[in-house]
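Text of input_1.tsv, listed as TSV, C-alpha atoms:
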```tsv
chain	number	residue	atom	x	y	z
A	137	MET	CA	0.00	0.00	0.00
A	138	SER	CA	2.85	2.40	0.84
A	139	SER	CA	6.01	3.03	-1.14
A	140	ALA	CA	9.33	4.52	-0.10
A	141	ARG	CA	9.83	5.58	-3.72
A	142	LEU	CA	7.05	8.15	-3.69
A	143	GLY	CA	7.83	11.65	-2.47
A	144	SER	CA	4.89	13.84	-1.63
A	145	ARG	CA	4.36	17.55	-1.16
A	146	LEU	CA	0.62	17.18	-0.71
A	147	LYS	CA	0.45	18.48	2.84
A	148	GLU	CA	2.50	21.58	2.03
A	149	ALA	CA	0.37	22.29	-1.04
A	150	ARG	CA	-2.85	21.83	0.95
A	151	LEU	CA	-1.73	24.12	3.75
A	152	LYS	CA	-0.56	26.68	1.21
A	153	ALA	CA	-4.04	26.59	-0.35
A	154	GLY	CA	-5.54	27.13	3.11
A	155	LEU	CA	-7.55	23.91	3.05
A	156	THR	CA	-8.22	21.36	5.77
A	157	GLN	CA	-7.96	17.67	4.97
A	158	ALA	CA	-11.75	17.43	5.01
A	159	GLU	CA	-12.12	20.32	2.56
A	160	LEU	CA	-9.54	18.83	0.20
A	161	ALA	CA	-11.25	15.44	0.52
A	162	ASP	CA	-14.58	17.05	-0.43
A	163	LEU	CA	-13.03	18.75	-3.45
A	164	ALA	CA	-11.36	15.52	-4.59
A	165	GLY	CA	-14.42	13.37	-3.79
A	166	VAL	CA	-12.65	11.01	-1.38
A	167	SER	CA	-12.60	10.41	2.37
A	168	ARG	CA	-10.51	12.49	4.75
A	169	LYS	CA	-8.82	9.24	5.75
A	170	THR	CA	-7.66	8.80	2.15
A	171	VAL	CA	-6.13	12.29	2.06
A	172	ASN	CA	-4.48	11.68	5.41
A	173	THR	CA	-3.00	8.31	4.41
A	174	VAL	CA	-1.65	9.83	1.18
A	175	GLU	CA	-0.08	12.69	3.13
A	176	ASN	CA	1.49	10.29	5.61
A	177	GLY	CA	2.83	8.04	2.87
A	178	VAL	CA	0.70	5.09	4.00
A	179	PHE	CA	-1.21	4.93	0.72
A	180	VAL	CA	0.08	5.47	-2.82
A	181	PRO	CA	-2.67	7.23	-4.81
A	182	SER	CA	-3.72	6.05	-8.26
A	183	THR	CA	-3.19	8.25	-11.29
A	184	ILE	CA	-6.85	9.30	-11.17
A	185	LEU	CA	-6.68	10.28	-7.52
A	186	ALA	CA	-3.39	12.12	-8.00
A	187	LEU	CA	-4.97	14.09	-10.85
A	188	CYS	CA	-8.06	14.84	-8.74
A	189	LEU	CA	-5.90	16.08	-5.87
A	190	ALA	CA	-3.80	18.19	-8.23
A	191	ARG	CA	-6.91	19.70	-9.81
A	192	ALA	CA	-8.43	20.43	-6.39
A	193	LEU	CA	-5.23	22.25	-5.39
A	194	ASN	CA	-4.96	23.99	-8.75
A	195	THR	CA	-1.52	22.55	-9.44
A	196	THR	CA	0.08	19.65	-11.33
A	197	VAL	CA	0.72	16.06	-10.28
A	198	GLU	CA	4.46	16.61	-10.69
A	199	ASP	CA	4.30	19.44	-8.16
A	200	LEU	CA	2.63	17.15	-5.65
A	201	PHE	CA	4.44	13.84	-6.15
A	202	TRP	CA	7.83	12.75	-7.38
A	203	LEU	CA	10.02	9.65	-7.50
A	204	ALA	CA	12.29	9.65	-4.47
A	205	ASP	CA	15.11	7.59	-6.02
B	257	MET	CA	-17.34	21.82	4.25
B	258	ALA	CA	-20.11	20.80	1.88
B	259	LEU	CA	-23.57	20.08	3.27
B	260	MET	CA	-26.36	17.97	1.86
B	261	THR	CA	-28.89	19.81	-0.28
B	262	ASP	CA	-32.43	20.16	1.11
B	263	GLN	CA	-33.75	17.63	-1.39
B	264	GLN	CA	-31.06	15.11	-0.43
B	265	ALA	CA	-31.77	15.73	3.26
B	266	ARG	CA	-35.53	15.16	2.75
B	267	ARG	CA	-34.86	11.96	0.81
B	268	GLU	CA	-32.49	10.77	3.52
B	269	ALA	CA	-34.99	11.53	6.26
B	270	GLN	CA	-37.75	9.64	4.44
B	271	SER	CA	-35.43	6.68	3.87
B	272	ARG	CA	-34.49	6.62	7.57
B	273	ARG	CA	-38.15	6.72	8.62
B	274	ASN	CA	-38.91	3.81	6.28
B	275	GLN	CA	-35.96	1.84	7.64
B	276	PHE	CA	-37.02	2.58	11.22
B	277	TRP	CA	-40.54	1.25	10.66
B	278	MET	CA	-39.21	-1.73	8.70
B	279	SER	CA	-36.91	-2.56	11.64
B	280	ALA	CA	-39.77	-2.12	14.11
B	281	GLY	CA	-41.87	-4.53	12.03
B	282	LEU	CA	-39.04	-7.07	11.94
B	283	MET	CA	-38.66	-6.72	15.70
B	284	ALA	CA	-42.33	-7.56	16.18
B	285	LEU	CA	-41.95	-10.54	13.85
B	286	GLY	CA	-38.91	-11.65	15.88
B	287	VAL	CA	-40.95	-11.50	19.10
B	288	VAL	CA	-43.63	-13.71	17.51
B	289	ILE	CA	-41.02	-16.21	16.24
B	290	ALA	CA	-39.20	-16.28	19.59
B	291	ALA	CA	-42.47	-16.76	21.50
B	292	THR	CA	-43.52	-19.56	19.15
B	293	GLY	CA	-40.14	-21.23	19.59
B	294	CYS	CA	-40.37	-20.96	23.39
B	295	ILE	CA	-43.88	-22.46	23.42
B	296	LEU	CA	-42.78	-25.32	21.16
B	297	TRP	CA	-39.70	-25.81	23.29
B	298	ARG	CA	-41.76	-26.24	26.44
B	299	THR	CA	-44.17	-28.65	24.81
B	300	GLY	CA	-41.35	-30.11	22.68
B	301	GLY	CA	-40.15	-33.68	23.16
B	302	ALA	CA	-38.15	-34.95	20.18
B	303	GLU	CA	-38.40	-31.64	18.31
B	304	ALA	CA	-37.24	-29.55	21.27
B	305	GLY	CA	-33.84	-28.89	19.64
B	306	GLY	CA	-35.49	-27.46	16.54
B	307	ALA	CA	-37.79	-25.31	18.67
B	308	GLY	CA	-34.73	-23.98	20.48
B	309	ILE	CA	-33.24	-22.95	17.16
B	310	VAL	CA	-36.48	-21.19	16.19
B	311	ALA	CA	-36.51	-19.35	19.54
B	312	GLY	CA	-32.85	-18.41	19.05
B	313	VAL	CA	-33.46	-17.12	15.51
B	314	GLY	CA	-36.42	-15.08	16.82
B	315	ALA	CA	-34.33	-13.63	19.65
B	316	GLY	CA	-31.52	-12.83	17.22
B	317	LEU	CA	-33.99	-11.10	14.90
B	318	VAL	CA	-35.34	-9.02	17.80
B	319	LEU	CA	-31.83	-8.01	18.84
B	320	VAL	CA	-30.59	-7.11	15.35
B	321	SER	CA	-33.77	-5.23	14.39
B	322	ALA	CA	-33.82	-3.39	17.75
B	323	ILE	CA	-30.26	-2.19	17.13
B	324	SER	CA	-31.19	-1.23	13.57
B	325	ALA	CA	-34.35	0.61	14.71
B	326	TRP	CA	-32.42	2.50	17.39
B	327	SER	CA	-29.68	3.52	14.96
B	328	LYS	CA	-32.31	4.84	12.50
B	329	ARG	CA	-34.57	6.57	15.03
B	330	PRO	CA	-35.98	9.63	13.26
B	331	TRP	CA	-35.80	11.86	16.37
B	332	ASP	CA	-32.03	11.53	16.69
B	333	GLN	CA	-30.44	14.99	16.49
B	334	ARG	CA	-27.28	13.78	14.75
B	335	TRP	CA	-29.20	13.22	11.50
B	336	ARG	CA	-29.81	16.91	11.05
B	337	SER	CA	-27.64	18.44	8.32
B	338	GLU	CA	-24.92	15.84	8.62
B	339	PRO	CA	-21.85	16.94	6.64
B	340	ILE	CA	-20.71	14.61	3.88
B	341	GLN	CA	-17.36	13.83	5.52
B	342	THR	CA	-19.04	13.04	8.85
B	343	ARG	CA	-21.47	10.75	7.10
B	344	ARG	CA	-18.65	9.06	5.20
B	345	ASP	CA	-16.65	8.55	8.40
B	346	ARG	CA	-19.68	7.25	10.26
B	347	LEU	CA	-20.65	4.77	7.52
B	348	GLN	CA	-17.08	3.53	7.15
B	349	ALA	CA	-16.71	3.10	10.92
B	350	GLN	CA	-20.01	1.23	10.97
B	351	ARG	CA	-18.76	-1.11	8.24
B	352	THR	CA	-15.52	-1.75	10.14
B	353	ARG	CA	-17.45	-2.60	13.32
B	354	LEU	CA	-19.52	-5.11	11.32
B	355	LEU	CA	-16.36	-6.64	9.91
B	356	TRP	CA	-14.95	-7.16	13.41
B	357	THR	CA	-18.21	-8.60	14.73
B	358	PHE	CA	-19.53	-10.87	11.96
B	359	PRO	CA	-16.45	-13.12	11.70
B	360	VAL	CA	-16.44	-13.59	15.49
B	361	VAL	CA	-20.09	-14.67	15.36
B	362	GLY	CA	-19.31	-16.96	12.40
B	363	MET	CA	-16.45	-18.59	14.29
B	364	ALA	CA	-18.69	-19.06	17.33
B	365	LEU	CA	-21.25	-20.79	15.10
B	366	LEU	CA	-18.54	-23.30	14.16
B	367	PHE	CA	-19.08	-24.89	17.56
B	368	VAL	CA	-22.80	-25.30	16.82
B	369	ALA	CA	-21.96	-26.81	13.42
B	370	HIS	CA	-19.41	-29.16	14.96
B	371	GLN	CA	-21.85	-30.35	17.62
B	372	THR	CA	-24.58	-30.87	15.01
B	373	LEU	CA	-22.24	-32.74	12.70
B	374	THR	CA	-21.32	-35.07	15.57
B	375	ASP	CA	-25.02	-35.69	16.24
B	376	VAL	CA	-25.62	-36.39	12.55
B	377	HIS	CA	-22.79	-38.92	12.44
B	378	ASP	CA	-24.26	-40.57	15.51
B	379	GLY	CA	-27.47	-41.06	13.51
B	380	GLY	CA	-29.57	-38.25	15.00
B	381	PHE	CA	-30.29	-36.41	11.74
B	382	ARG	CA	-33.09	-33.80	11.47
B	383	ALA	CA	-33.93	-31.36	8.68
B	384	ILE	CA	-32.98	-28.36	10.84
B	385	ASP	CA	-29.44	-29.74	11.03
B	386	TYR	CA	-28.81	-28.63	7.44
B	387	LEU	CA	-29.28	-25.04	8.62
B	388	ARG	CA	-27.22	-25.46	11.78
B	389	ILE	CA	-24.31	-26.94	9.83
B	390	SER	CA	-24.53	-24.24	7.15
B	391	LEU	CA	-24.79	-21.26	9.53
B	392	PRO	CA	-21.04	-20.47	9.81
B	393	VAL	CA	-20.64	-20.71	6.04
B	394	LEU	CA	-23.64	-18.43	5.46
B	395	TYR	CA	-22.14	-15.95	7.92
B	396	ALA	CA	-18.84	-16.14	6.03
B	397	TRP	CA	-20.74	-15.19	2.86
B	398	LEU	CA	-22.21	-12.21	4.67
B	399	VAL	CA	-18.73	-11.00	5.60
B	400	VAL	CA	-17.47	-11.45	2.05
B	401	LEU	CA	-20.46	-9.52	0.64
B	402	VAL	CA	-19.70	-6.59	2.98
B	403	VAL	CA	-16.01	-6.67	2.01
B	404	LEU	CA	-16.92	-6.75	-1.69
B	405	GLY	CA	-19.35	-3.86	-1.22
B	406	TRP	CA	-22.29	-5.95	-2.41
B	407	ASP	CA	-24.39	-5.61	0.72
B	408	LYS	CA	-27.38	-3.28	0.75
B	409	GLN	CA	-25.70	-0.60	2.85
B	410	SER	CA	-22.70	-0.41	0.50
B	411	LEU	CA	-24.88	-0.39	-2.62
B	412	VAL	CA	-27.11	2.40	-1.29
B	413	ASN	CA	-24.17	4.49	-0.01
B	414	ARG	CA	-21.65	3.62	-2.69
B	415	ARG	CA	-20.27	7.14	-3.01
B	416	PHE	CA	-19.42	7.15	0.71
B	417	LEU	CA	-18.22	3.58	1.06
B	418	ASP	CA	-16.40	2.83	-2.17
B	419	ASP	CA	-13.49	5.22	-2.37
B	420	GLU	CA	-9.99	4.39	-3.53
B	421	LEU	CA	-8.65	3.46	-0.11
B	422	THR	CA	-11.53	1.02	0.30
B	423	GLN	CA	-10.66	-0.61	-3.02
B	424	VAL	CA	-7.09	-1.15	-1.83
B	425	PHE	CA	-8.34	-2.61	1.47
B	426	ARG	CA	-10.73	-4.84	-0.46
B	427	ALA	CA	-8.01	-6.22	-2.73
B	428	ARG	CA	-5.75	-6.96	0.25
B	429	ALA	CA	-8.56	-8.52	2.29
B	430	LEU	CA	-9.57	-10.79	-0.58
B	431	LYS	CA	-5.94	-11.79	-1.10
B	432	ALA	CA	-5.76	-12.89	2.56
B	433	ALA	CA	-9.08	-14.73	2.24
B	434	PHE	CA	-7.94	-16.51	-0.90
B	435	ILE	CA	-4.74	-17.72	0.76
B	436	VAL	CA	-6.72	-19.02	3.75
B	437	LEU	CA	-9.28	-20.66	1.46
B	438	MET	CA	-6.61	-22.40	-0.66
B	439	SER	CA	-4.72	-23.56	2.43
B	440	GLY	CA	-7.89	-24.74	4.15
B	441	THR	CA	-9.26	-26.71	1.21
B	442	THR	CA	-5.82	-28.18	0.52
B	443	ILE	CA	-5.79	-29.53	4.07
B	444	ALA	CA	-9.45	-30.59	3.83
B	445	LEU	CA	-8.81	-32.75	0.74
B	446	PRO	CA	-6.57	-35.40	2.34
B	447	LEU	CA	-8.68	-35.27	5.49
B	448	THR	CA	-11.75	-36.11	3.40
B	449	LEU	CA	-9.96	-39.08	1.84
B	450	TRP	CA	-8.83	-40.22	5.27
B	451	LYS	CA	-12.06	-39.68	7.22
B	452	PRO	CA	-14.97	-38.12	5.29
B	453	GLU	CA	-16.68	-36.81	8.45
B	454	VAL	CA	-13.52	-34.95	9.46
B	455	GLY	CA	-13.17	-33.66	5.88
B	456	VAL	CA	-16.67	-32.18	5.92
B	457	MET	CA	-15.90	-30.30	9.13
B	458	ALA	CA	-12.55	-29.17	7.74
B	459	MET	CA	-14.35	-27.77	4.68
B	460	ILE	CA	-16.76	-25.81	6.89
B	461	VAL	CA	-13.83	-24.49	8.94
B	462	ALA	CA	-11.93	-23.52	5.77
B	463	LEU	CA	-14.88	-21.59	4.32
B	464	THR	CA	-15.63	-19.86	7.63
B	465	ALA	CA	-11.98	-19.00	8.19
B	466	ALA	CA	-11.67	-17.60	4.67
B	467	GLY	CA	-14.66	-15.30	5.23
B	468	ALA	CA	-13.33	-14.30	8.64
B	469	ALA	CA	-9.88	-13.60	7.16
B	470	ALA	CA	-11.44	-11.22	4.62
B	471	GLY	CA	-13.35	-9.38	7.34
B	472	PHE	CA	-10.51	-9.20	9.85
B	473	ARG	CA	-7.95	-8.13	7.26
B	474	PHE	CA	-10.19	-5.35	5.97
B	475	ALA	CA	-10.98	-4.14	9.49
B	476	TRP	CA	-7.30	-4.36	10.47
B	477	LEU	CA	-6.20	-2.26	7.47
B	478	ASP	CA	-8.87	0.30	8.30
B	479	ARG	CA	-7.60	0.38	11.89
B	480	GLN	CA	-4.05	0.94	10.66
B	481	ALA	CA	-5.21	3.79	8.44
B	482	ASN	CA	-7.00	5.31	11.43
B	483	GLU	CA	-3.82	5.02	13.47
B	484	ALA	CA	-1.98	6.90	10.71
B	485	ASP	CA	-4.76	9.47	10.81
B	486	ALA	CA	-3.24	12.33	12.76
B	487	GLY	CA	-6.45	14.36	12.58
B	488	ASP	CA	-7.38	17.30	10.46
B	489	GLU	CA	-4.69	19.94	10.26
```

Conversion result in structure tokens:
Amino acid sequence: MSSARLGSRLKEARLKAGLTQAELADLAGVSRKTVNTVENGVFVPSTILALCLARALNTTVEDLFWLAD
Amino acid sequence: MALMTDQQARREAQSRRNQFWMSAGLMALGVVIAATGCILWRTGGAEAGGAGIVAGVGAGLVLVSAISAWSKRPWDQRWRSEPIQTRRDRLQAQRTRLLWTFPVVGMALLFVAHQTLTDVHDGGFRAIDYLRISLPVLYAWLVVLVVLGWDKQSLVNRRFLDDELTQVFRARALKAAFIVLMSGTTIALPLTLWKPEVGVMAMIVALTAAGAAAGFRFAWLDRQANEADAGDE
């Protein structure tokens, strides 16, 4: 479920946008738990979810996630 | 935080009222069944065991429908303007509680099945024994249906209960169940060839354990995700 290869800037981007996890979850159409597990690196999001999160934060997937190695 | 629209709220309220009255009706039916079982039990004789089962089923129906009626009571304040995220969290927590509880009940029913199977092998077969032996397997199916999202609650509330994290949990839970099922039936096969009566019980155990594995694994993953949940920041 988790991957050490995935780097994430989701939390920083969310805070910069002034959103709570619940608000971001609403915008992306997922549960707050999903947003939280992505932020904590417990869950690697699918392409669709990554795109939804990027759209909700008005940014790109590459700005949110990157390959750590 | 987004709220339900008025139309959605009205539809929800009507649905809850219907479910409340349906549960109340089932509770009344359960009382009748339990009372009938108790009367038959007292006057029983040879069929006393079957009457006990009927009374037990009635009592179970009363208990389950009472819980359902209470959880859907229309006068409960928490139904008013429930935010989507709260509703999602509540429904997902409810599902996890079911997935902890149902497998435990299914495993407990294994003892009933084992006892009945012993009676059957001793020559004391009755029609009700089919049900008693099948109960843990039927419960295992119930767990699997909840994990798959094919139960009524999941179908009605799909947008709350079928997000991406759930799909990952589901895949992992079914993987665990499949491993348990394969292992169980692999063990059951030689047991059946050795002693058929032991093989039958091993098959029931394998099916029940597979269902329980699916439920426990799903609930465990959800628990882990909740542990990772540091709260809204």

Could you give me, as a PDB file with C-alpha atoms, keeping the file's coordinate frame, the residues that have an atom at most 12 Å away from the point (-0.1, 15.9, 0.0) in the coordinates of the file, using all atoms listed in the file?
```
ATOM      1  CA  LEU A 142       7.050   8.150  -3.690  1.00  0.00           C
ATOM      2  CA  GLY A 143       7.830  11.650  -2.470  1.00  0.00           C
ATOM      3  CA  SER A 144       4.890  13.840  -1.630  1.00  0.00           C
ATOM      4  CA  ARG A 145       4.360  17.550  -1.160  1.00  0.00           C
ATOM      5  CA  LEU A 146       0.620  17.180  -0.710  1.00  0.00           C
ATOM      6  CA  LYS A 147       0.450  18.480   2.840  1.00  0.00           C
ATOM      7  CA  GLU A 148       2.500  21.580   2.030  1.00  0.00           C
ATOM      8  CA  ALA A 149       0.370  22.290  -1.040  1.00  0.00           C
ATOM      9  CA  ARG A 150      -2.850  21.830   0.950  1.00  0.00           C
ATOM     10  CA  LEU A 151      -1.730  24.120   3.750  1.00  0.00           C
ATOM     11  CA  LYS A 152      -0.560  26.680   1.210  1.00  0.00           C
ATOM     12  CA  ALA A 153      -4.040  26.590  -0.350  1.00  0.00           C
ATOM     13  CA  LEU A 155      -7.550  23.910   3.050  1.00  0.00           C
ATOM     14  CA  THR A 156      -8.220  21.360   5.770  1.00  0.00           C
ATOM     15  CA  GLN A 157      -7.960  17.670   4.970  1.00  0.00           C
ATOM     16  CA  LEU A 160      -9.540  18.830   0.200  1.00  0.00           C
ATOM     17  CA  ALA A 161     -11.250  15.440   0.520  1.00  0.00           C
ATOM     18  CA  ARG A 168     -10.510  12.490   4.750  1.00  0.00           C
ATOM     19  CA  THR A 170      -7.660   8.800   2.150  1.00  0.00           C
ATOM     20  CA  VAL A 171      -6.130  12.290   2.060  1.00  0.00           C
ATOM     21  CA  ASN A 172      -4.480  11.680   5.410  1.00  0.00           C
ATOM     22  CA  THR A 173      -3.000   8.310   4.410  1.00  0.00           C
ATOM     23  CA  VAL A 174      -1.650   9.830   1.180  1.00  0.00           C
ATOM     24  CA  GLU A 175      -0.080  12.690   3.130  1.00  0.00           C
ATOM     25  CA  ASN A 176       1.490  10.290   5.610  1.00  0.00           C
ATOM     26  CA  GLY A 177       2.830   8.040   2.870  1.00  0.00           C
ATOM     27  CA  VAL A 178       0.700   5.090   4.000  1.00  0.00           C
ATOM     28  CA  PHE A 179      -1.210   4.930   0.720  1.00  0.00           C
ATOM     29  CA  VAL A 180       0.080   5.470  -2.820  1.00  0.00           C
ATOM     30  CA  PRO A 181      -2.670   7.230  -4.810  1.00  0.00           C
ATOM     31  CA  LEU A 185      -6.680  10.280  -7.520  1.00  0.00           C
ATOM     32  CA  ALA A 186      -3.390  12.120  -8.000  1.00  0.00           C
ATOM     33  CA  CYS A 188      -8.060  14.840  -8.740  1.00  0.00           C
ATOM     34  CA  LEU A 189      -5.900  16.080  -5.870  1.00  0.00           C
ATOM     35  CA  ALA A 190      -3.800  18.190  -8.230  1.00  0.00           C
ATOM     36  CA  ALA A 192      -8.430  20.430  -6.390  1.00  0.00           C
ATOM     37  CA  LEU A 193      -5.230  22.250  -5.390  1.00  0.00           C
ATOM     38  CA  THR A 195      -1.520  22.550  -9.440  1.00  0.00           C
ATOM     39  CA  THR A 196       0.080  19.650 -11.330  1.00  0.00           C
ATOM     40  CA  VAL A 197       0.720  16.060 -10.280  1.00  0.00           C
ATOM     41  CA  GLU A 198       4.460  16.610 -10.690  1.00  0.00           C
ATOM     42  CA  ASP A 199       4.300  19.440  -8.160  1.00  0.00           C
ATOM     43  CA  LEU A 200       2.630  17.150  -5.650  1.00  0.00           C
ATOM     44  CA  PHE A 201       4.440  13.840  -6.150  1.00  0.00           C
ATOM     45  CA  TRP A 202       7.830  12.750  -7.380  1.00  0.00           C
TER      46      TRP A 202
ATOM     47  CA  GLU B 489      -4.690  19.940  10.260  1.00  0.00           C
TER      48      GLU B 489
END
```

As lines of an AutoDock Vina configuration file: centre and edge lengths in Å, one decimal, of the axis-aligned box holding region 200-205 of chain A with 3 Å per side:
```
center_x = 8.9
center_y = 12.4
center_z = -6.0
size_x = 18.5
size_y = 15.6
size_z = 9.0
```

Inset, instruction - Within 7 Å of region 305-321 of chain B, counting all atoms listed in the file, which residues show up once you throw out same-chain ones fewer than 6 positions away? Write them as a ChimeraX atom specification, please. - result: /B:279-280,282-283,286-287,289-291,293-294,296-297,384

Can those selected residues be exported to a file as a PDB file, in the coordinates of the input so that it contains C-alpha atoms?
```pdb
ATOM      1  CA  SER B 279     -36.910  -2.560  11.640  1.00  0.00           C
ATOM      2  CA  ALA B 280     -39.770  -2.120  14.110  1.00  0.00           C
ATOM      3  CA  LEU B 282     -39.040  -7.070  11.940  1.00  0.00           C
ATOM      4  CA  MET B 283     -38.660  -6.720  15.700  1.00  0.00           C
ATOM      5  CA  GLY B 286     -38.910 -11.650  15.880  1.00  0.00           C
ATOM      6  CA  VAL B 287     -40.950 -11.500  19.100  1.00  0.00           C
ATOM      7  CA  ILE B 289     -41.020 -16.210  16.240  1.00  0.00           C
ATOM      8  CA  ALA B 290     -39.200 -16.280  19.590  1.00  0.00           C
ATOM      9  CA  ALA B 291     -42.470 -16.760  21.500  1.00  0.00           C
ATOM     10  CA  GLY B 293     -40.140 -21.230  19.590  1.00  0.00           C
ATOM     11  CA  CYS B 294     -40.370 -20.960  23.390  1.00  0.00           C
ATOM     12  CA  LEU B 296     -42.780 -25.320  21.160  1.00  0.00           C
ATOM     13  CA  TRP B 297     -39.700 -25.810  23.290  1.00  0.00           C
ATOM     14  CA  ILE B 384     -32.980 -28.360  10.840  1.00  0.00           C
TER      15      ILE B 384
END
```

Inset, instruction - Choose the residue, out of B:Thr464, B:Thr299, B:Gln480, B:Ser390, that has the smallest atom-to-atom separation from chain A; count all atoms listed in the file. - result: B:Gln480

Legend entry - Close residues, region 360-372 of chain B itself excluded, 6 Å, all atoms listed in the file, min 5 positions apart in chain, as a PyMOL selection string: chain B and resi 388-389+392+395

Legend entry - Among the residues A:Asp205, A:Ser167, A:Gly154, A:Arg141, the one that comes closest to chain B [using only C-alpha atoms]: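 Checking each candidate against chain B, we get A:Ser167 as the closest.
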
Legend entry - Atom-to-atom span, CA of Asp378 (chain B) and CA of Val454 (chain B), Å: 13.5 Å

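Taking all atoms listed in the file into account, chain A lies nearest to B:Arg344 out of the set B:Arg382, B:Lys408, B:Arg344, B:Arg414.
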
Legend entry - Coordinates-based distance that separates CA of Asp332 (chain B) from CA of Arg415 (chain B) (Å, one decimal):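 Separating CA of Arg415 (chain B) from CA of Asp332 (chain B) is a distance of 23.4 Å.
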
Inset, instruction - Report the distance between CA of Ile323 (chain B) and CA of Thr422 (chain B) in Å, rounded to one decimal place. - result: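 Interatomic distance here is 25.4 Å.
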
Inset, instruction - Might you pull out every residue within 8 Å of Met459 (chain B), with all atoms listed in the file counted and same-chain residues fewer than 5 positions away left off, and present them as a ChimeraX atom specification? - result: /B:440-441,444

Legend entry - Which residue of B:Glu420, B:Met438, B:Gly455, B:Glu268 approaches Thr183 (chain A) most closely, using all atoms listed in the file: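 That would be B:Glu420, the residue with the smallest distance to Thr183 (chain A).
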
Inset, instruction - Identify which of the residues B:Asp407, B:Asp385, B:Glu483, B:Asp375 lies closest to chain A, counting all atoms listed in the file when measuring atom-to-atom distances. - result: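 Of the candidates, the smallest distance to chain A is held by B:Glu483.
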
Inset, instruction - Would you mind telling me which residue in A:Ala164, A:Ala140, A:Leu203, A:Arg191 lies nearest to chain B when using all atoms listed in the file? - result: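 Of the candidates, the smallest distance to chain B is held by A:Ala164.
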
Inset, instruction - Determine, counting all atoms listed in the file, which protein, DNA and RNA residues have an atom within 10 Å of an atom of Gly405 (chain B); residues of the same chain fewer than 2 positions away are not included. Present the result as a VMD selection string. - result: chain B and resid 351 399 to 403 407 to 414 417 to 418 422 to 423 426

Where atoms are lacking, region 175-186 of chain A completed to N, CA, C and O atoms, as a CSV table (one decimal), in the frame of the given file:
```csv
chain,number,residue,atom,x,y,z
A,175,GLU,N,-1.0,11.7,2.5
A,175,GLU,CA,-0.1,12.7,3.1
A,175,GLU,C,1.0,12.0,4.0
A,175,GLU,O,2.1,12.4,4.0
A,176,ASN,N,0.6,11.0,4.7
A,176,ASN,CA,1.5,10.3,5.6
A,176,ASN,C,2.3,9.2,4.9
A,176,ASN,O,3.1,8.5,5.6
A,177,GLY,N,2.1,9.0,3.6
A,177,GLY,CA,2.8,8.0,2.9
A,177,GLY,C,2.4,6.6,3.1
A,177,GLY,O,3.1,5.7,2.7
A,178,VAL,N,1.2,6.4,3.7
A,178,VAL,CA,0.7,5.1,4.0
A,178,VAL,C,0.1,4.5,2.7
A,178,VAL,O,0.1,3.3,2.5
A,179,PHE,N,-0.4,5.4,1.9
A,179,PHE,CA,-1.2,4.9,0.7
A,179,PHE,C,-0.7,5.7,-0.5
A,179,PHE,O,-0.6,6.9,-0.5
A,180,VAL,N,-0.4,4.9,-1.5
A,180,VAL,CA,0.1,5.5,-2.8
A,180,VAL,C,-1.2,5.7,-3.7
A,180,VAL,O,-1.9,4.8,-4.0
A,181,PRO,N,-1.4,7.0,-4.0
A,181,PRO,CA,-2.7,7.2,-4.8
A,181,PRO,C,-2.6,6.7,-6.3
A,181,PRO,O,-1.4,6.7,-6.8
A,182,SER,N,-3.7,6.4,-6.8
A,182,SER,CA,-3.7,6.0,-8.3
A,182,SER,C,-3.5,7.3,-9.1
A,182,SER,O,-3.6,8.4,-8.6
A,183,THR,N,-3.3,7.1,-10.4
A,183,THR,CA,-3.2,8.2,-11.3
A,183,THR,C,-4.4,9.2,-11.2
A,183,THR,O,-4.3,10.4,-11.2
A,184,ILE,N,-5.6,8.5,-11.2
A,184,ILE,CA,-6.8,9.3,-11.2
A,184,ILE,C,-6.9,10.2,-9.9
A,184,ILE,O,-7.2,11.4,-10.0
A,185,LEU,N,-6.6,9.5,-8.8
A,185,LEU,CA,-6.7,10.3,-7.5
A,185,LEU,C,-5.6,11.4,-7.5
A,185,LEU,O,-5.9,12.5,-7.0
A,186,ALA,N,-4.4,11.1,-8.0
A,186,ALA,CA,-3.4,12.1,-8.0
A,186,ALA,C,-3.8,13.3,-8.9
A,186,ALA,O,-3.6,14.5,-8.5
```
